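Text of the file final-v7.cif, holding mmCIF, C-alpha atoms and all ligand atoms:
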data_start
#
loop_
_atom_site.label_atom_id
_atom_site.label_comp_id
_atom_site.auth_asym_id
_atom_site.auth_seq_id
_atom_site.Cartn_x
_atom_site.Cartn_y
_atom_site.Cartn_z
CA MET A 1126 0.00 0.00 0.00
CA SER A 1127 1.35 3.45 -0.86
CA LYS A 1128 2.08 5.92 1.93
CA ILE A 1129 -0.66 8.39 2.87
CA TYR A 1130 0.39 12.02 2.99
CA ALA A 1131 -1.56 14.99 4.35
CA SER A 1132 -2.09 17.80 1.87
CA MET A 1133 -3.47 21.34 2.05
CA LEU A 1134 -6.22 20.94 -0.55
CA SER A 1135 -7.66 24.44 -0.33
CA ILE A 1136 -7.68 27.76 1.46
CA GLY A 1137 -10.39 30.29 2.32
CA ALA A 1138 -10.69 33.47 4.37
CA TYR A 1139 -13.02 36.17 5.52
CA SER A 1140 -12.23 39.68 6.71
CA PRO A 1141 -14.95 41.87 8.24
CA GLU A 1142 -15.90 45.05 6.41
CA ARG A 1143 -15.42 47.55 9.23
CA ARG A 1144 -11.97 49.18 9.17
CA LEU A 1145 -10.10 50.64 12.14
CA THR A 1146 -7.27 52.82 10.84
CA ASN A 1147 -4.30 54.26 12.69
CA VAL A 1148 -5.92 57.68 12.27
CA ASP A 1149 -9.04 56.35 14.03
CA LEU A 1150 -6.83 55.07 16.87
CA GLU A 1151 -5.16 58.50 17.19
CA LYS A 1152 -8.57 59.72 18.40
CA MET A 1153 -8.87 56.90 20.96
CA VAL A 1154 -5.42 56.68 22.60
CA ASP A 1155 -2.20 58.70 22.77
CA THR A 1156 -0.57 57.31 19.62
CA SER A 1157 0.23 58.32 16.07
CA ASP A 1158 0.04 56.78 12.61
CA GLU A 1159 3.78 57.38 12.32
CA TRP A 1160 4.60 55.48 15.56
CA ILE A 1161 2.40 52.51 14.67
CA VAL A 1162 3.72 52.20 11.11
CA LYS A 1163 7.36 52.56 12.20
CA ARG A 1164 7.16 50.10 15.14
CA THR A 1165 4.76 47.54 13.69
CA GLY A 1166 4.12 48.02 9.95
CA ILE A 1167 0.33 48.17 10.56
CA LYS A 1168 -1.87 50.79 8.89
CA GLU A 1169 -5.35 49.42 9.50
CA ARG A 1170 -7.17 46.38 10.84
CA ARG A 1171 -10.69 44.97 10.46
CA ILE A 1172 -13.27 44.80 13.24
CA ALA A 1173 -16.09 42.23 13.39
CA ALA A 1174 -19.66 43.55 13.19
CA ASP A 1175 -21.53 43.66 16.51
CA ASP A 1176 -23.45 40.49 15.63
CA GLN A 1177 -20.37 38.56 14.47
CA ALA A 1178 -18.47 36.32 16.90
CA ALA A 1179 -15.29 34.41 16.01
CA SER A 1180 -17.32 31.37 14.87
CA ASP A 1181 -19.30 33.50 12.38
CA LEU A 1182 -16.08 34.66 10.73
CA GLY A 1183 -14.73 31.09 10.85
CA VAL A 1184 -17.84 29.65 9.18
CA LEU A 1185 -17.53 32.04 6.22
CA ALA A 1186 -13.86 31.12 5.72
CA ALA A 1187 -14.65 27.42 6.18
CA ARG A 1188 -17.43 27.37 3.57
CA GLN A 1189 -15.07 28.94 1.04
CA ALA A 1190 -12.30 26.43 1.81
CA ILE A 1191 -14.68 23.44 1.55
CA GLU A 1192 -16.09 24.70 -1.77
CA ARG A 1193 -12.61 25.32 -3.20
CA ALA A 1194 -11.64 21.75 -2.25
CA ASN A 1195 -14.64 20.58 -4.31
CA LEU A 1196 -16.00 18.85 -1.24
CA ALA A 1197 -19.33 18.88 0.59
CA ILE A 1198 -19.76 19.47 4.34
CA GLY A 1199 -20.51 15.74 4.69
CA ASP A 1200 -17.01 14.89 3.44
CA ILE A 1201 -15.38 16.58 6.46
CA ASP A 1202 -14.66 14.12 9.26
CA LEU A 1203 -12.87 16.36 11.78
CA ILE A 1204 -12.94 20.10 12.56
CA ILE A 1205 -10.18 21.83 14.49
CA ALA A 1206 -10.49 25.52 15.30
CA ALA A 1207 -7.74 27.78 16.55
CA THR A 1208 -8.65 30.96 18.41
CA LEU A 1209 -7.68 33.19 21.31
CA SER A 1210 -11.01 35.04 21.18
CA GLY A 1211 -13.61 32.27 20.90
CA ASP A 1212 -17.35 32.67 21.31
CA PHE A 1213 -17.42 31.25 24.87
CA LEU A 1214 -15.11 30.96 27.89
CA PHE A 1215 -13.71 27.42 27.39
CA MET A 1216 -16.97 25.66 26.57
CA PRO A 1217 -18.30 24.91 24.11
CA SER A 1218 -15.29 24.92 21.85
CA THR A 1219 -15.40 27.33 18.92
CA ALA A 1220 -14.79 24.30 16.68
CA ALA A 1221 -18.04 22.72 17.92
CA VAL A 1222 -19.92 25.98 17.32
CA ILE A 1223 -18.48 26.23 13.79
CA ALA A 1224 -19.37 22.57 13.14
CA GLY A 1225 -22.93 23.21 14.31
CA LYS A 1226 -23.33 26.25 12.07
CA LEU A 1227 -21.96 24.28 9.11
CA GLY A 1228 -24.38 21.42 9.83
CA ALA A 1229 -21.48 19.03 10.44
CA ILE A 1230 -23.07 17.01 13.22
CA ASN A 1231 -21.70 13.80 14.76
CA ILE A 1232 -18.07 14.41 13.87
CA PRO A 1233 -15.27 15.32 16.30
CA ALA A 1234 -14.62 19.04 16.73
CA PHE A 1235 -12.15 20.62 19.13
CA ASP A 1236 -10.00 23.69 19.55
CA ALA A 1237 -6.23 23.81 19.28
CA LEU A 1238 -5.55 26.39 22.00
CA ALA A 1239 -2.16 27.83 21.21
CA ALA A 1240 -3.06 31.51 20.72
CA CYS A 1241 -1.45 32.99 17.59
CA SER A 1242 0.30 29.68 16.87
CA GLY A 1243 -3.00 27.79 16.90
CA PHE A 1244 -3.22 27.37 13.13
CA ILE A 1245 0.14 25.57 13.04
CA TYR A 1246 -0.91 23.41 16.02
CA ALA A 1247 -4.14 22.58 14.13
CA LEU A 1248 -2.17 21.81 10.98
CA ALA A 1249 0.19 19.49 12.88
CA THR A 1250 -2.79 17.69 14.45
CA ALA A 1251 -4.62 17.36 11.12
CA LYS A 1252 -1.47 15.95 9.52
CA ALA A 1253 -1.17 13.32 12.27
CA TYR A 1254 -4.85 12.34 12.01
CA ILE A 1255 -4.59 11.91 8.25
CA GLU A 1256 -1.26 10.08 8.15
CA SER A 1257 -2.51 7.65 10.83
CA GLY A 1258 -5.69 6.99 8.84
CA MET A 1259 -7.93 8.41 11.60
CA ALA A 1260 -9.40 11.07 9.28
CA SER A 1261 -9.67 11.73 5.54
CA ASN A 1262 -10.64 15.40 5.29
CA VAL A 1263 -9.95 17.77 8.17
CA LEU A 1264 -11.21 21.33 8.25
CA ILE A 1265 -8.87 23.62 10.18
CA ALA A 1266 -9.91 27.19 10.89
CA GLY A 1267 -8.25 30.14 12.59
CA ALA A 1268 -10.93 32.62 13.66
CA GLU A 1269 -10.54 35.74 15.76
CA ALA A 1270 -12.78 38.46 17.12
CA SER A 1271 -10.00 39.72 19.38
CA SER A 1272 -11.50 43.23 19.37
CA ARG A 1273 -13.89 41.78 22.00
CA PHE A 1274 -10.93 41.21 24.32
CA MET A 1275 -9.24 44.53 23.69
CA ASP A 1276 -8.66 47.29 26.20
CA TYR A 1277 -9.01 50.30 23.91
CA SER A 1278 -7.27 52.46 26.51
CA ASP A 1279 -4.07 50.35 26.41
CA ARG A 1280 -2.11 51.82 23.51
CA SER A 1281 0.63 49.23 23.71
CA VAL A 1282 -1.78 46.44 22.70
CA CYS A 1283 -4.89 47.86 21.04
CA VAL A 1284 -3.01 49.16 18.01
CA LEU A 1285 -1.75 45.67 17.16
CA PHE A 1286 -4.75 43.36 16.80
CA GLY A 1287 -7.53 42.94 14.23
CA ASP A 1288 -10.36 40.49 13.50
CA GLY A 1289 -10.64 37.93 10.70
CA ALA A 1290 -10.67 34.25 9.82
CA GLY A 1291 -8.95 31.78 7.54
CA ALA A 1292 -9.53 28.08 6.92
CA ALA A 1293 -8.03 25.19 5.02
CA VAL A 1294 -9.07 21.65 4.15
CA ILE A 1295 -6.34 19.13 4.87
CA GLY A 1296 -6.92 15.89 3.00
CA ALA A 1297 -5.22 12.61 2.18
CA THR A 1298 -3.05 12.13 -0.91
CA ASP A 1299 -0.51 9.62 -2.20
CA ASP A 1300 1.33 12.40 -4.04
CA PRO A 1301 4.43 13.55 -2.10
CA SER A 1302 4.78 16.62 -4.33
CA ALA A 1303 1.54 17.99 -2.81
CA ALA A 1304 2.25 17.04 0.81
CA ILE A 1305 2.68 18.80 4.12
CA ILE A 1306 6.30 17.84 4.65
CA ASP A 1307 6.87 18.58 8.34
CA THR A 1308 5.54 20.51 11.33
CA LYS A 1309 7.34 21.57 14.48
CA ILE A 1310 5.44 22.89 17.51
CA ALA A 1311 6.73 23.91 20.93
CA SER A 1312 5.87 25.83 24.10
CA ASP A 1313 7.40 27.41 27.18
CA GLY A 1314 4.78 27.76 29.90
CA THR A 1315 7.21 29.42 32.31
CA GLN A 1316 6.75 32.55 30.19
CA TRP A 1317 2.92 32.66 30.32
CA ASP A 1318 2.77 36.12 31.87
CA ASN A 1319 4.21 37.81 28.81
CA LEU A 1320 0.93 37.39 26.95
CA TYR A 1321 -2.44 36.30 28.36
CA ILE A 1322 -6.14 37.00 28.81
CA ASP A 1323 -7.43 37.13 32.39
CA GLY A 1324 -10.68 35.71 33.78
CA GLY A 1325 -10.00 31.96 33.92
CA GLY A 1326 -9.67 29.75 37.00
CA LYS A 1327 -6.47 31.45 38.16
CA ASN A 1328 -8.22 34.78 38.56
CA PRO A 1329 -11.91 33.88 38.47
CA ILE A 1330 -14.78 36.21 37.83
CA ARG A 1331 -16.40 37.08 41.18
CA GLU A 1332 -19.30 39.28 42.09
CA GLY A 1333 -18.16 42.80 42.80
CA LYS A 1334 -14.88 42.33 40.96
CA PRO A 1335 -14.65 44.08 37.62
CA TYR A 1336 -14.42 41.54 34.79
CA ARG A 1337 -11.67 42.65 32.46
CA PRO A 1338 -10.95 39.85 30.00
CA PHE A 1339 -8.38 41.82 28.05
CA ILE A 1340 -5.29 40.79 26.13
CA ARG A 1341 -2.31 41.75 28.29
CA MET A 1342 1.19 41.75 26.88
CA LYS A 1343 4.74 42.65 27.77
CA GLY A 1344 5.48 43.80 24.23
CA ASN A 1345 9.19 44.26 24.44
CA GLU A 1346 9.87 40.90 26.14
CA THR A 1347 7.52 39.10 23.74
CA PHE A 1348 9.25 40.74 20.80
CA LYS A 1349 12.70 39.50 21.83
CA LEU A 1350 11.50 35.99 22.67
CA ALA A 1351 9.63 35.76 19.35
CA VAL A 1352 12.65 36.73 17.26
CA ARG A 1353 14.90 34.30 19.14
CA ALA A 1354 12.49 31.32 19.06
CA LEU A 1355 11.39 31.78 15.45
CA SER A 1356 14.85 32.35 14.02
CA SER A 1357 16.14 29.05 15.43
CA ASP A 1358 12.88 27.20 14.77
CA VAL A 1359 12.72 27.91 11.03
CA ALA A 1360 16.43 27.16 10.62
CA GLU A 1361 15.90 23.80 12.39
CA ILE A 1362 12.87 22.69 10.37
CA LEU A 1363 14.71 23.49 7.12
CA ALA A 1364 17.86 21.67 8.26
CA ARG A 1365 16.05 18.53 9.38
CA ASN A 1366 14.38 18.31 5.95
CA ASN A 1367 17.59 19.03 4.03
CA LEU A 1368 16.10 22.17 2.53
CA LYS A 1369 17.71 25.55 1.95
CA ALA A 1370 15.92 28.88 2.44
CA SER A 1371 16.43 29.58 -1.27
CA GLN A 1372 14.16 26.60 -2.08
CA ILE A 1373 11.21 28.19 -0.26
CA LYS A 1374 8.71 29.70 -2.67
CA HIS A 1375 6.62 31.52 -0.06
CA PHE A 1376 7.58 32.37 3.52
CA ILE A 1377 4.24 32.97 5.29
CA PRO A 1378 4.91 34.16 8.84
CA HIS A 1379 2.37 35.03 11.52
CA GLN A 1380 1.72 38.74 10.95
CA ALA A 1381 2.42 40.19 14.42
CA ASN A 1382 5.04 42.82 13.74
CA LEU A 1383 6.88 43.73 10.54
CA ARG A 1384 10.14 44.05 12.46
CA ILE A 1385 9.85 40.47 13.79
CA ILE A 1386 9.14 39.22 10.24
CA LYS A 1387 12.11 41.16 8.84
CA ALA A 1388 14.47 39.89 11.55
CA VAL A 1389 13.53 36.24 10.91
CA SER A 1390 13.63 36.71 7.11
CA GLU A 1391 17.08 38.28 7.33
CA THR A 1392 18.39 35.43 9.50
CA LEU A 1393 17.30 33.02 6.78
CA GLY A 1394 18.58 35.26 3.97
CA LEU A 1395 15.19 35.37 2.24
CA SER A 1396 14.47 37.83 -0.56
CA GLU A 1397 11.53 40.24 -0.45
CA GLU A 1398 9.73 38.23 -3.16
CA GLN A 1399 9.67 35.18 -0.89
CA VAL A 1400 8.03 36.92 2.07
CA VAL A 1401 4.23 37.25 2.20
CA LEU A 1402 3.04 40.39 4.03
CA THR A 1403 -0.52 41.34 4.94
CA ILE A 1404 0.15 43.06 8.26
CA GLU A 1405 -0.28 46.57 6.82
CA ARG A 1406 -3.96 45.84 6.01
CA TYR A 1407 -5.08 43.45 8.74
CA GLY A 1408 -2.74 43.87 11.74
CA ASN A 1409 -2.25 40.84 13.98
CA THR A 1410 -5.25 38.56 13.39
CA GLY A 1411 -4.01 35.90 15.83
CA ALA A 1412 -4.57 32.32 14.71
CA ALA A 1413 -6.20 33.61 11.51
CA SER A 1414 -3.20 35.52 10.22
CA ILE A 1415 -1.41 32.65 8.45
CA PRO A 1416 -4.44 31.23 6.58
CA MET A 1417 -5.54 34.79 5.72
CA ALA A 1418 -2.09 35.43 4.26
CA ILE A 1419 -2.14 32.14 2.31
CA ASN A 1420 -5.56 33.14 0.99
CA ASP A 1421 -4.24 36.55 -0.11
CA LEU A 1422 -1.49 34.81 -2.04
CA TYR A 1423 -4.02 32.39 -3.55
CA GLU A 1424 -6.40 35.15 -4.62
CA SER A 1425 -3.58 37.19 -6.15
CA GLY A 1426 -2.86 34.19 -8.40
CA LYS A 1427 0.62 33.63 -6.96
CA LEU A 1428 0.00 30.27 -5.27
CA ASN A 1429 0.37 27.21 -7.46
CA LYS A 1430 0.00 23.51 -6.80
CA GLY A 1431 3.27 22.14 -5.43
CA ASP A 1432 4.60 25.53 -4.26
CA LEU A 1433 6.79 25.08 -1.16
CA MET A 1434 5.54 27.18 1.77
CA LEU A 1435 7.33 27.83 5.06
CA LEU A 1436 4.94 28.90 7.83
CA ASP A 1437 5.89 30.18 11.28
CA ALA A 1438 4.03 31.59 14.27
CA PHE A 1439 4.57 32.72 17.86
CA GLY A 1440 2.13 33.69 20.61
CA GLY A 1441 0.66 33.27 24.08
CA GLY A 1442 1.62 30.15 26.00
CA LEU A 1443 4.23 30.94 25.10
CA ALA A 1444 3.72 28.70 22.09
CA TRP A 1445 5.34 28.70 18.69
CA GLY A 1446 5.73 26.53 15.64
CA SER A 1447 6.64 26.19 12.01
CA ALA A 1448 5.60 24.07 9.06
CA LEU A 1449 6.89 23.12 5.65
CA ALA A 1450 4.09 22.36 3.22
CA ARG A 1451 3.62 22.08 -0.51
CA PHE A 1452 0.28 23.54 -1.58
CA GLY A 1453 -1.96 20.70 -2.72
CA GLY A 1454 -4.84 22.62 -4.27
CA ASP A 1455 -5.36 24.06 -7.72
CA ALA A 1456 -3.83 27.46 -8.44
CA GLY A 1457 -5.80 30.50 -7.34
CA ARG A 1458 -7.33 32.95 -9.77
N1 LIG A 1501 1.85 54.72 20.46
C1 LIG A 1501 2.84 55.52 20.92
N2 LIG A 1501 3.71 55.14 21.86
C2 LIG A 1501 3.61 53.90 22.34
C3 LIG A 1501 2.61 53.01 21.91
C4 LIG A 1501 1.71 53.46 20.93
N3 LIG A 1501 0.73 52.70 20.44
N4 LIG A 1501 2.76 51.83 22.56
C5 LIG A 1501 3.81 51.96 23.37
N5 LIG A 1501 4.32 53.22 23.25
C6 LIG A 1501 5.45 53.81 23.94
C7 LIG A 1501 5.77 53.14 25.26
O1 LIG A 1501 4.95 53.66 26.28
C8 LIG A 1501 7.21 53.51 25.44
O2 LIG A 1501 7.29 54.83 25.93
P1 LIG A 1501 8.40 55.26 27.02
O3 LIG A 1501 9.71 55.01 26.34
O4 LIG A 1501 8.08 56.67 27.26
O5 LIG A 1501 8.16 54.35 28.18
C9 LIG A 1501 7.77 53.52 24.02
O6 LIG A 1501 6.63 53.62 23.17
C10 LIG A 1501 8.57 52.29 23.66
O7 LIG A 1501 7.83 51.15 24.12
P2 LIG A 1501 8.30 49.69 23.82
O8 LIG A 1501 7.28 48.75 24.37
O9 LIG A 1501 9.71 49.53 24.27
O10 LIG A 1501 8.25 49.73 22.23
P3 LIG A 1501 8.65 48.63 21.21
O11 LIG A 1501 9.60 49.16 20.24
O12 LIG A 1501 8.97 47.33 21.90
O13 LIG A 1501 7.28 48.41 20.42
C11 LIG A 1501 5.49 46.84 20.35
C12 LIG A 1501 6.13 48.01 21.09
C13 LIG A 1501 4.28 46.38 21.13
C14 LIG A 1501 5.07 47.33 18.98
C15 LIG A 1501 6.53 45.72 20.23
O14 LIG A 1501 7.12 45.48 21.46
C16 LIG A 1501 5.95 44.46 19.71
O15 LIG A 1501 5.46 44.41 18.61
N6 LIG A 1501 6.07 43.37 20.48
C17 LIG A 1501 5.68 42.05 20.09
C18 LIG A 1501 4.21 42.05 19.94
C19 LIG A 1501 3.74 40.79 19.41
O16 LIG A 1501 4.16 40.37 18.39
N7 LIG A 1501 2.79 40.22 20.12
C20 LIG A 1501 2.03 39.18 19.70
C21 LIG A 1501 2.78 37.94 19.52
S1 LIG A 1501 1.61 36.93 18.78
#

Rewrite the structure of this file - the entire thing - as structure tokens.
Ligand code: COA
Amino acid sequence: MSKIYASMLSIGAYSPERRLTNVDLEKMVDTSDEWIVKRTGIKERRIAADDQAASDLGVLAARQAIERANLAIGDIDLIIAATLSGDFLFMPSTAAVIAGKLGAINIPAFDALAACSGFIYALATAKAYIESGMASNVLIAGAEASSRFMDYSDRSVCVLFGDGAGAAVIGATDDPSAAIIDTKIASDGTQWDNLYIDGGGKNPIREGKPYRPFIRMKGNETFKLAVRALSSDVAEILARNNLKASQIKHFIPHQANLRIIKAVSETLGLSEEQVVLTIERYGNTGAASIPMAINDLYESGKLNKGDLMLLDAFGGGLAWGSALARFGGDAGR
């Protein structure tokens, strides 16, 4: 019997219509367009409509990914969602809510909780399920309505994040030239207090205590840890697969900060043409940023079947990861 590989069969995304520009933020906190662009590379981000939760964004991205894979909802046998701003506090999972809205009943659905790295954690899990024969078509979705967890008086955080969703169908193939080659995921829980959202069991919600479930971050520390972890991580995943950076067609990093992306790209010696950037338009969309960026590439007609992608992400946990994958779907138009 030939070996079963996992393959990214399709990509989809959704970005809400409402825009929050740096100029808008100038009216809300003591900041400037110049500071935000210089320190982060972000110009604007999208904000979910009042009646849209993370699952609603995820469903729209998921439907597009399933359609582009030429599959029906009934063909999906596992759903994994990645989010740091899900519809509910821990239960039900956002994956279960997405599955319900899609009408995918009676299949397993769970969240890969690894903050901004969640999409790579979901990809690694989908790959394992498919290669072991436990699933045939896995829908993975990164969906964020992080504006709901934003303290719009904290200028060090609120300028960074935006809402959006991206999804991919990971399916089985016997074609190694369309396969997800490798994934590498890691965490360091001793560093949790660099990036977290309060209100869980450690600091529970109690009557009389103000509930402030906001994203809290030590930006400068997180920045340094991200550059260090990602630079060695991407070098390692390339080395263990005997690949050189020059063989990468598209480097698709988590879009958290342009300076982090540039530092990692320079360590690898990548050219500008290899690096996919969406941060200027969407900001940091958490677990959705990588699939949204892949979708941008797809819709601009630059992603072809067999193209070698290097993905990397870093976020709360701390958790990080990288993946080497050849695109397994038809070229975008
Ligand atoms: N507008 C203007 N000034 C701001 C500001 C804003 N939005 N946010 C912070 N500042 C100020 C700080 O108060 C500080 O002022 P001070 O020197 O008077 O104390 C100064 O800018 C420098 O702050 P610092 O935090 O050292 O800036 P930085 O160069 O590290 O940039 C981040 C801040 C948040 C942009 C940067 O640290 C970062 O991007 N970190 C990683 C974030 C990230 O990727 N997180 C998610 C991982 S998934």

- Protein and nucleic residues near ligand LIG 1501 (chain A), 7 Å, all atoms listed in the file, as a PyMOL selection string: chain A and resi 1155-1157+1160-1161+1164-1165+1241+1280-1282+1284+1344-1345+1347-1348+1381-1382+1411+1439-1441

Create the file for the chosen residues now, containing C-alpha atoms and written as a PDB file, in the frame of the given file.
ATOM      1  CA  ASP A1155      -2.200  58.700  22.770  1.00  0.00           C
ATOM      2  CA  THR A1156      -0.570  57.310  19.620  1.00  0.00           C
ATOM      3  CA  SER A1157       0.230  58.320  16.070  1.00  0.00           C
ATOM      4  CA  TRP A1160       4.600  55.480  15.560  1.00  0.00           C
ATOM      5  CA  ILE A1161       2.400  52.510  14.670  1.00  0.00           C
ATOM      6  CA  ARG A1164       7.160  50.100  15.140  1.00  0.00           C
ATOM      7  CA  THR A1165       4.760  47.540  13.690  1.00  0.00           C
ATOM      8  CA  CYS A1241      -1.450  32.990  17.590  1.00  0.00           C
ATOM      9  CA  ARG A1280      -2.110  51.820  23.510  1.00  0.00           C
ATOM     10  CA  SER A1281       0.630  49.230  23.710  1.00  0.00           C
ATOM     11  CA  VAL A1282      -1.780  46.440  22.700  1.00  0.00           C
ATOM     12  CA  VAL A1284      -3.010  49.160  18.010  1.00  0.00           C
ATOM     13  CA  GLY A1344       5.480  43.800  24.230  1.00  0.00           C
ATOM     14  CA  ASN A1345       9.190  44.260  24.440  1.00  0.00           C
ATOM     15  CA  THR A1347       7.520  39.100  23.740  1.00  0.00           C
ATOM     16  CA  PHE A1348       9.250  40.740  20.800  1.00  0.00           C
ATOM     17  CA  ALA A1381       2.420  40.190  14.420  1.00  0.00           C
ATOM     18  CA  ASN A1382       5.040  42.820  13.740  1.00  0.00           C
ATOM     19  CA  GLY A1411      -4.010  35.900  15.830  1.00  0.00           C
ATOM     20  CA  PHE A1439       4.570  32.720  17.860  1.00  0.00           C
ATOM     21  CA  GLY A1440       2.130  33.690  20.610  1.00  0.00           C
ATOM     22  CA  GLY A1441       0.660  33.270  24.080  1.00  0.00           C
TER      23      GLY A1441
END

- Task: Identify which of the residues A:Ala1418, A:Leu1402, A:Val1294, A:Ile1198 lies closest to A:Ile1265, counting all atoms listed in the file when measuring atom-to-atom distances.
- Result: A:Val1294

For stretch 1204-1212 of chain A, please output as an mmCIF file with C-alpha atoms, keeping the file's coordinate frame all residues within 6 Å (counting all atoms listed in the file; exclusion window: fewer than 2 positions along the same chain).
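Below is the file part19.cif, written as the result:
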data_model
loop_
_atom_site.group_PDB
_atom_site.id
_atom_site.type_symbol
_atom_site.label_atom_id
_atom_site.label_comp_id
_atom_site.auth_asym_id
_atom_site.auth_seq_id
_atom_site.Cartn_x
_atom_site.Cartn_y
_atom_site.Cartn_z
ATOM 1 C CA ALA A 1178 -18.470 36.320 16.900
ATOM 2 C CA ALA A 1179 -15.290 34.410 16.010
ATOM 3 C CA THR A 1219 -15.400 27.330 18.920
ATOM 4 C CA ALA A 1220 -14.790 24.300 16.680
ATOM 5 C CA ALA A 1234 -14.620 19.040 16.730
ATOM 6 C CA PHE A 1235 -12.150 20.620 19.130
ATOM 7 C CA ASP A 1236 -10.000 23.690 19.550
ATOM 8 C CA ALA A 1237 -6.230 23.810 19.280
ATOM 9 C CA ALA A 1240 -3.060 31.510 20.720
ATOM 10 C CA GLY A 1243 -3.000 27.790 16.900
ATOM 11 C CA PHE A 1244 -3.220 27.370 13.130
ATOM 12 C CA VAL A 1263 -9.950 17.770 8.170
ATOM 13 C CA LEU A 1264 -11.210 21.330 8.250
ATOM 14 C CA ILE A 1265 -8.870 23.620 10.180
ATOM 15 C CA ALA A 1266 -9.910 27.190 10.890
ATOM 16 C CA GLY A 1267 -8.250 30.140 12.590
ATOM 17 C CA ALA A 1268 -10.930 32.620 13.660
ATOM 18 C CA GLU A 1269 -10.540 35.740 15.760
ATOM 19 C CA ALA A 1270 -12.780 38.460 17.120
ATOM 20 C CA SER A 1271 -10.000 39.720 19.380
ATOM 21 C CA ALA A 1412 -4.570 32.320 14.710
#

- Query: Just how far from atom CA of A:Asn1367 is atom CA of A:Glu1256, in Å to one decimal?
  - Reply: 21.3 Å

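Of the listed residues (A:Ile1223, A:Ser1357, A:Ile1255, A:Tyr1321), A:Ser1357 comes nearest to A:Thr1392; the distances count all atoms listed in the file.
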
- Which polymer residues have any atom within 12 Å of an atom of A:His1379, counting all atoms listed in the file, with same-chain residues fewer than 2 positions away left out, as a PyMOL selection string? chain A and resi 1240-1245+1267+1351-1352+1355+1376-1377+1381-1387+1389+1400-1404+1407-1419+1435-1440+1445-1448

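For the pair atom CA of A:Val1222 and atom CA of A:Arg1337, the separation is 24.0 Å.
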
- Message: Let me make sure I understand: among A:Ile1295, A:Leu1320, A:Ala1253, A:Ala1304, which one has the smallest atom-to-atom distance to A:Asp1432 if we use only C-alpha atoms?
- Response: A:Ala1304

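For A:Ala1197, the set of protein, DNA and RNA residues having any atom at most 12 Å away, when counting only C-alpha atoms and skipping those fewer than 3 positions along the same chain, is Ala1187, Arg1188, Gln1189, Ala1190, Ile1191, Glu1192, Arg1193, Ala1194, Asp1200, Ile1201, Asp1202, Leu1227, Gly1228, Ala1229, Asn1262, Leu1264 and Val1294 of chain A.
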
- Message: Would you pick out the contacts of A:Lys1168 at 7 Å or less, using only C-alpha atoms, so that residues sharing its chain but fewer than 6 positions from it are not included, and give the list as JSON, numbers by chain?
- Response: {"A": [1146, 1147, 1162, 1405, 1406]}

- Message: For a quick check of understanding, using all atoms listed in the file, which of A:Ser1425, A:Asn1319, A:Ser1390, A:Ser1140 has the smallest distance to A:Ile1172?
- Response: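 Looking only at the distances to A:Ile1172, the closest residue turns out to be A:Ser1140.
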
- Task: Have a look at atom CA of A:Lys1343 and atom CA of A:Tyr1277 and let me know their distance in Å, one decimal.
- Result: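 Atom CA of A:Lys1343 sits 16.2 Å away from atom CA of A:Tyr1277.
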
- Query: From the set A:Ile1232, A:Ala1292, A:Ile1136, A:Ile1310, which residue has the shortest atom-to-atom contact distance to A:Ser1180, counting only C-alpha atoms?
  - Reply: A:Ala1292

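Considering the residues A:Gln1372, A:Asn1366, A:Ser1396, A:Ser1272 and counting all atoms listed in the file, A:Ala1173 has its shortest atom-to-atom contact with A:Ser1272.
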
- Dig up all the protein and nucleic acid residues within 10 Å of (-6.0, 12.0, -2.7) in the file frame, using all atoms listed in the file, and format them as a VMD selection string. chain A and resid 1129 to 1132 1134 1261 to 1262 1296 to 1300 1303 1453

- Message: Residues proximal to (2.0, 21.4, 3.5) were defined as those with any atom within 6 Å of that point in the file's coordinates, counting only C-alpha atoms. Which are they, as a ChimeraX atom specification?
- Response: /A:1132-1133,1304-1306,1449-1452

Just write the chosen residues, C-alpha atoms, as a short mmCIF file (atom, residue, chain, number, x, y, z; two decimals), keeping the file's coordinate frame.
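That gives us result.cif:
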data_model
loop_
_atom_site.label_atom_id
_atom_site.label_comp_id
_atom_site.auth_asym_id
_atom_site.auth_seq_id
_atom_site.Cartn_x
_atom_site.Cartn_y
_atom_site.Cartn_z
CA SER A 1132 -2.09 17.80 1.87
CA MET A 1133 -3.47 21.34 2.05
CA ALA A 1304 2.25 17.04 0.81
CA ILE A 1305 2.68 18.80 4.12
CA ILE A 1306 6.30 17.84 4.65
CA LEU A 1449 6.89 23.12 5.65
CA ALA A 1450 4.09 22.36 3.22
CA ARG A 1451 3.62 22.08 -0.51
CA PHE A 1452 0.28 23.54 -1.58
#

- Long-range neighbours of A:Leu1145 as a PyMOL selection string, 8 Å cut-off, all atoms listed in the file, 3 positions minimum in chain: chain A and resi 1149-1150+1169-1172
